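Notes follow the structure.
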Amino acid sequence: MRSRIIAAAVFSMGLAGASQAADITEQGARELHDILTHSLSHDLAHSDFVTVKPTGDQYEITYDLAKFFDKINSSGFSVTGFKPLTLFAQPVEQEKWHLTGDNSLDIAVHSPTSDIGYSIASSSFDGIFDPAIEMMRSMGIKSSGVKFSSAGSGPKSGRKIDATIDSASFAHRITDSSEAGKVDLQLQGTLQGLSEQVTVRPDASPITFRADSVDTNVTATSLPVKELRELIRFFVQHVKAKQLSQSGSEKFEQLVHRALPVFGSLGKTVTLNNASLGTDKGKVGIKRIDYSFKMDGLTKASNVNLELRAEQFTPDADLVPAAYSAFLPSALDVQLGVPNINFAGLIDTALDSIAARATPVSGEALKRTMFPSGYGTLEFPKISAVSGVYDVEVSGELKGSTKPHSGLSLQATILARDFDKTVAAIQEAAKSEPRLNNVSFGLLAAKGFAKTDPDGRLRWDITMDEDRTVTVNGQVMKKP
């Protein structure tokens, strides 16, 4: 899809100044061509990378991406196989443009570390472009017969990836934000029939992953349209530059700062249905996997939150020993969060490094920049697992200093339902797996420290200081 994204971005910038004349003429085609290429570098603008001609009641725009990549290919990196992509632009009401296209794709990418192949048997494009914001107000892409392959070379020789997708569809919608000059984005996508095979080395058996469908939703609020457009223009105009000049670095820094925090909020959810993971040892099926990601804009104190939930694990019969099969979770839920990340500081550090052409910043310096308070915190509001013999939930936070060799502190709560049932199941399994006797002894010892909540669950409130002193429900334990 990258070629379509490049074409749409360049096309969107160009159409911003196009007149909405009802007549489709040769003169109009020349004017539209000039508008489409005014943001490109001089050599790209005069390379016939973009051509425009009137066709009936619309303009036919052809993007010859082969000529685009000819300008940036090198001995170490090259993209070949592009056929010209065609879009049609037709003026519609409210000074907008209706864009359509139907193309296929079959390209090869060569780099020092890998050779990549990417093909799409057919792909249709349909959307409405709004010159007022220089973006697609709505857009839909439907593709079929998608194939991807990657073969490692050099030190990564032997690594291979082969993937296919029966069909894919993507749609987005842009609406005006409550903040002037900004917009909100909603994007939905679905993949049908995903199959992937990964080989990490020549003597290893491949790992296979399959899913009946993958549904994705992305939302972003308060996107600064003008500032992001200027960043895209800068990228297009400097696509050939191996290194920015001093003035170019300063300009880039200004554009980045104007665009910050880039968005007010960003959210993404992914749902996989009827997924499976297979190795030479066996296969595990998972009925449903839900993943979500949320974060604030790129500020001095951004919050990042993740959640992963999986339901109904079905491993091959001989993959899990019989003694352990009852303990396979029917549902697993992991929620994690990292608060107060200084993304703005990280961006400033990266921009300063680019401007000074300095060596990469050390990991220790990055940690201090990310967490200027001197501490980073990992929150886990909920980590739970449920099966027929247990129901356990853990919540709390882990805090660590950014100073080298510093300790960690922990605050956590463990809740367990039907604890006696869990112990009895472990004791039963220990009859065929004696090593589990130690687990049952440990659980019985832990029960002696537990409190009972009104709903009957056992509770352990645990703290650990940086000096590794552990307290369980108010009782101080020996240091580990």
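Identifiers in the structure tokens: chain A, B, ... in order shown; residue index from 1 per chain; ligand index from 1 in order shown.
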
Just the residues within 6 Å of A:Ile207, please, counting only C-alpha atoms, with nothing from its chain fewer than 6 positions along; format it as a PyMOL selection string. chain A and resi 197-198+278-279

Would you pick out the contacts of A:Asn305 at 6 Å or less, using only C-alpha atoms, so that residues sharing its chain but fewer than 4 positions from it are not included, and give the list as a list in words?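 Everything that qualifies: Phe293, Lys294, Leu336 and Gly337 of chain A.
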
Quick one: residues within 12 Å of A:Ser178, only C-alpha atoms, excluding same-chain residues fewer than 3 positions away - as a PyMOL selection string? chain A and resi 175+181-184+221-224+264

Would you put the residues from that selection into a file with C-alpha atoms, as a short mmCIF file (atom, residue, chain, number, x, y, z; two decimals), in the first residue's frame?
```cif
data_model
loop_
_atom_site.label_atom_id
_atom_site.label_comp_id
_atom_site.auth_asym_id
_atom_site.auth_seq_id
_atom_site.Cartn_x
_atom_site.Cartn_y
_atom_site.Cartn_z
CA THR A 175 -13.95 15.53 10.43
CA GLY A 181 -7.23 24.31 12.12
CA LYS A 182 -7.24 20.71 13.34
CA VAL A 183 -9.06 17.54 12.34
CA ASP A 184 -10.01 14.17 13.80
CA THR A 221 -7.79 13.66 17.48
CA SER A 222 -6.60 17.23 16.97
CA LEU A 223 -4.28 16.60 14.02
CA PRO A 224 -2.66 19.92 12.93
CA GLY A 264 -4.33 15.16 21.06
#
```

Pairwise distance for atom CA of A:Val50 and atom CA of A:Leu32, rounded to one decimal in Å: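 Atom CA of A:Leu32 lies at a distance of 10.3 Å from atom CA of A:Val50.
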
For stretch 392-400 of chain A: contacts at 8 Å, only C-alpha atoms, fewer than 2 positions along chain excluded, given as an NGL selection string: :A and (375-386 or 390 or 402 or 406-417)

Hey, can you check how far atom CA of A:Arg368 sits from atom CA of A:Leu244?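 About the pair atom CA of A:Arg368 and atom CA of A:Leu244: they are 27.6 Å apart.
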
So how far away is atom CA of A:Gln312 from atom CA of A:Ile426, in Å? 21.1 Å

Mind listing the strand (DSSP E) residues of stretch 119-280 of chain A, per DSSP on the backbone, as a ChimeraX atom specification? /A:119-130,135-152,160-176,182-199,207-224,265-279

Nearby residues (only C-alpha atoms) at most 7 Å from A:Thr271, same-chain spacing under 5 positions excluded, as a ChimeraX atom specification: /A:214-216,289-291

Got time to write the residues from that selection, N, CA and C atoms, as an mmCIF file, in the first residue's frame?
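This is the output file again13.cif:
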```cif
data_model
loop_
_atom_site.group_PDB
_atom_site.id
_atom_site.type_symbol
_atom_site.label_atom_id
_atom_site.label_comp_id
_atom_site.auth_asym_id
_atom_site.auth_seq_id
_atom_site.Cartn_x
_atom_site.Cartn_y
_atom_site.Cartn_z
ATOM 1 N N VAL A 214 -8.535 -10.102 10.560
ATOM 2 C CA VAL A 214 -7.894 -9.123 11.431
ATOM 3 C C VAL A 214 -8.602 -7.791 11.220
ATOM 4 N N ASP A 215 -9.230 -7.297 12.272
ATOM 5 C CA ASP A 215 -9.953 -6.021 12.202
ATOM 6 C C ASP A 215 -9.179 -4.959 12.968
ATOM 7 N N THR A 216 -8.981 -3.797 12.341
ATOM 8 C CA THR A 216 -8.218 -2.711 12.940
ATOM 9 C C THR A 216 -9.024 -1.424 12.934
ATOM 10 N N ILE A 289 -8.255 -12.720 19.819
ATOM 11 C CA ILE A 289 -7.226 -11.899 20.446
ATOM 12 C C ILE A 289 -7.610 -10.439 20.245
ATOM 13 N N ASP A 290 -7.665 -9.690 21.341
ATOM 14 C CA ASP A 290 -7.952 -8.253 21.273
ATOM 15 C C ASP A 290 -6.747 -7.484 21.801
ATOM 16 N N TYR A 291 -6.316 -6.508 21.024
ATOM 17 C CA TYR A 291 -5.185 -5.665 21.425
ATOM 18 C C TYR A 291 -5.610 -4.212 21.313
#
```

Considering only C-alpha atoms, return as a list in words whatever protein or nucleic-acid residues lie within 9 Å of stretch 442-456 of chain A, sequence-local ones (same chain, fewer than 6 positions apart) excluded.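 Listed by chain and then number, they are Leu415, Ala416, Arg417, Asp418, Phe419, Asp420, Val423, Val472, Asn473 and Gln475 of chain A.
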
Write out the residues from the selection above, keeping all heavy atoms, as a CSV table (one decimal), in the first residue's frame.
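Wrote it out as part_1.csv, contents follow:
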```
chain,number,residue,atom,x,y,z
A,415,LEU,N,-5.4,-11.1,44.0
A,415,LEU,CA,-6.7,-11.6,44.4
A,415,LEU,C,-7.0,-12.9,43.7
A,415,LEU,O,-6.7,-13.1,42.5
A,415,LEU,CB,-7.8,-10.6,43.9
A,415,LEU,CG,-7.8,-9.2,44.5
A,415,LEU,CD1,-8.8,-8.3,43.8
A,415,LEU,CD2,-8.2,-9.2,46.0
A,416,ALA,N,-7.4,-13.9,44.6
A,416,ALA,CA,-7.7,-15.2,44.1
A,416,ALA,C,-9.0,-15.7,44.5
A,416,ALA,O,-9.4,-15.6,45.7
A,416,ALA,CB,-6.6,-16.2,44.5
A,417,ARG,N,-9.8,-16.2,43.6
A,417,ARG,CA,-11.1,-16.8,43.9
A,417,ARG,C,-11.0,-18.3,43.9
A,417,ARG,O,-10.2,-18.9,43.1
A,417,ARG,CB,-12.1,-16.3,42.8
A,417,ARG,CG,-13.6,-16.6,43.2
A,417,ARG,CD,-14.5,-16.2,42.0
A,417,ARG,NE,-14.3,-14.8,41.7
A,417,ARG,CZ,-14.9,-13.8,42.3
A,417,ARG,NH1,-15.7,-14.0,43.4
A,417,ARG,NH2,-14.7,-12.6,41.9
A,418,ASP,N,-11.8,-19.0,44.7
A,418,ASP,CA,-11.8,-20.5,44.8
A,418,ASP,C,-10.4,-21.0,45.0
A,418,ASP,O,-10.0,-22.0,44.3
A,418,ASP,CB,-12.4,-21.1,43.5
A,418,ASP,CG,-13.9,-20.7,43.3
A,418,ASP,OD1,-14.6,-20.5,44.3
A,418,ASP,OD2,-14.3,-20.5,42.1
A,419,PHE,N,-9.7,-20.4,46.0
A,419,PHE,CA,-8.3,-20.8,46.2
A,419,PHE,C,-8.1,-22.3,46.6
A,419,PHE,O,-7.2,-22.9,46.1
A,419,PHE,CB,-7.7,-19.9,47.2
A,419,PHE,CG,-6.2,-20.0,47.4
A,419,PHE,CD1,-5.4,-19.4,46.5
A,419,PHE,CD2,-5.6,-20.7,48.4
A,419,PHE,CE1,-4.0,-19.4,46.6
A,419,PHE,CE2,-4.3,-20.8,48.5
A,419,PHE,CZ,-3.4,-20.1,47.6
A,420,ASP,N,-9.0,-22.8,47.4
A,420,ASP,CA,-8.9,-24.2,47.8
A,420,ASP,C,-9.1,-25.1,46.6
A,420,ASP,O,-8.5,-26.2,46.6
A,420,ASP,CB,-10.0,-24.5,48.9
A,420,ASP,CG,-9.7,-23.8,50.2
A,420,ASP,OD1,-8.5,-23.4,50.4
A,420,ASP,OD2,-10.7,-23.6,51.0
A,423,VAL,N,-5.7,-25.3,44.9
A,423,VAL,CA,-4.8,-26.1,45.6
A,423,VAL,C,-5.1,-27.6,45.4
A,423,VAL,O,-4.2,-28.4,45.2
A,423,VAL,CB,-4.8,-25.8,47.1
A,423,VAL,CG1,-3.9,-26.7,47.9
A,423,VAL,CG2,-4.3,-24.3,47.3
A,472,VAL,N,3.9,-8.2,53.3
A,472,VAL,CA,2.7,-8.8,52.8
A,472,VAL,C,1.6,-8.6,53.8
A,472,VAL,O,1.7,-9.1,54.9
A,472,VAL,CB,2.9,-10.3,52.5
A,472,VAL,CG1,1.6,-11.0,52.0
A,472,VAL,CG2,4.0,-10.6,51.5
A,473,ASN,N,0.5,-7.9,53.4
A,473,ASN,CA,-0.6,-7.6,54.3
A,473,ASN,C,-0.1,-7.1,55.6
A,473,ASN,O,-0.6,-7.4,56.7
A,473,ASN,CB,-1.5,-8.8,54.5
A,473,ASN,CG,-2.3,-9.1,53.3
A,473,ASN,OD1,-2.5,-8.3,52.4
A,473,ASN,ND2,-2.8,-10.4,53.2
A,475,GLN,N,2.8,-7.5,57.1
A,475,GLN,CA,3.8,-8.3,57.8
A,475,GLN,C,5.1,-8.2,57.0
A,475,GLN,O,5.1,-8.5,55.8
A,475,GLN,CB,3.4,-9.8,57.9
A,475,GLN,CG,2.1,-10.0,58.7
A,475,GLN,CD,1.7,-11.4,58.9
A,475,GLN,OE1,2.6,-12.2,59.3
A,475,GLN,NE2,0.5,-11.8,58.5
```

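Using only C-alpha atoms, the shortest contact distance between A:Glu227 and any of A:Glu134, A:Asn274, A:Phe49, A:Thr299 is found at A:Glu134.
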
DSSP-assigned helix (DSSP H, G or I) among stretch 392-480 of chain A, expressed as a list in words: Phe419, Asp420, Lys421, Thr422, Val423, Ala424, Ala425, Ile426, Gln427, Glu428, Ala429, Leu436, Asn437, Asn438, Val439, Ser440, Phe441, Gly442, Leu443, Leu444, Ala445, Ala446 and Lys447 of chain A

Top pick for closest residue to A:Thr37, considering A:Val236, A:Ala163, A:Ala425, A:Val146 and counting only C-alpha atoms: A:Val236
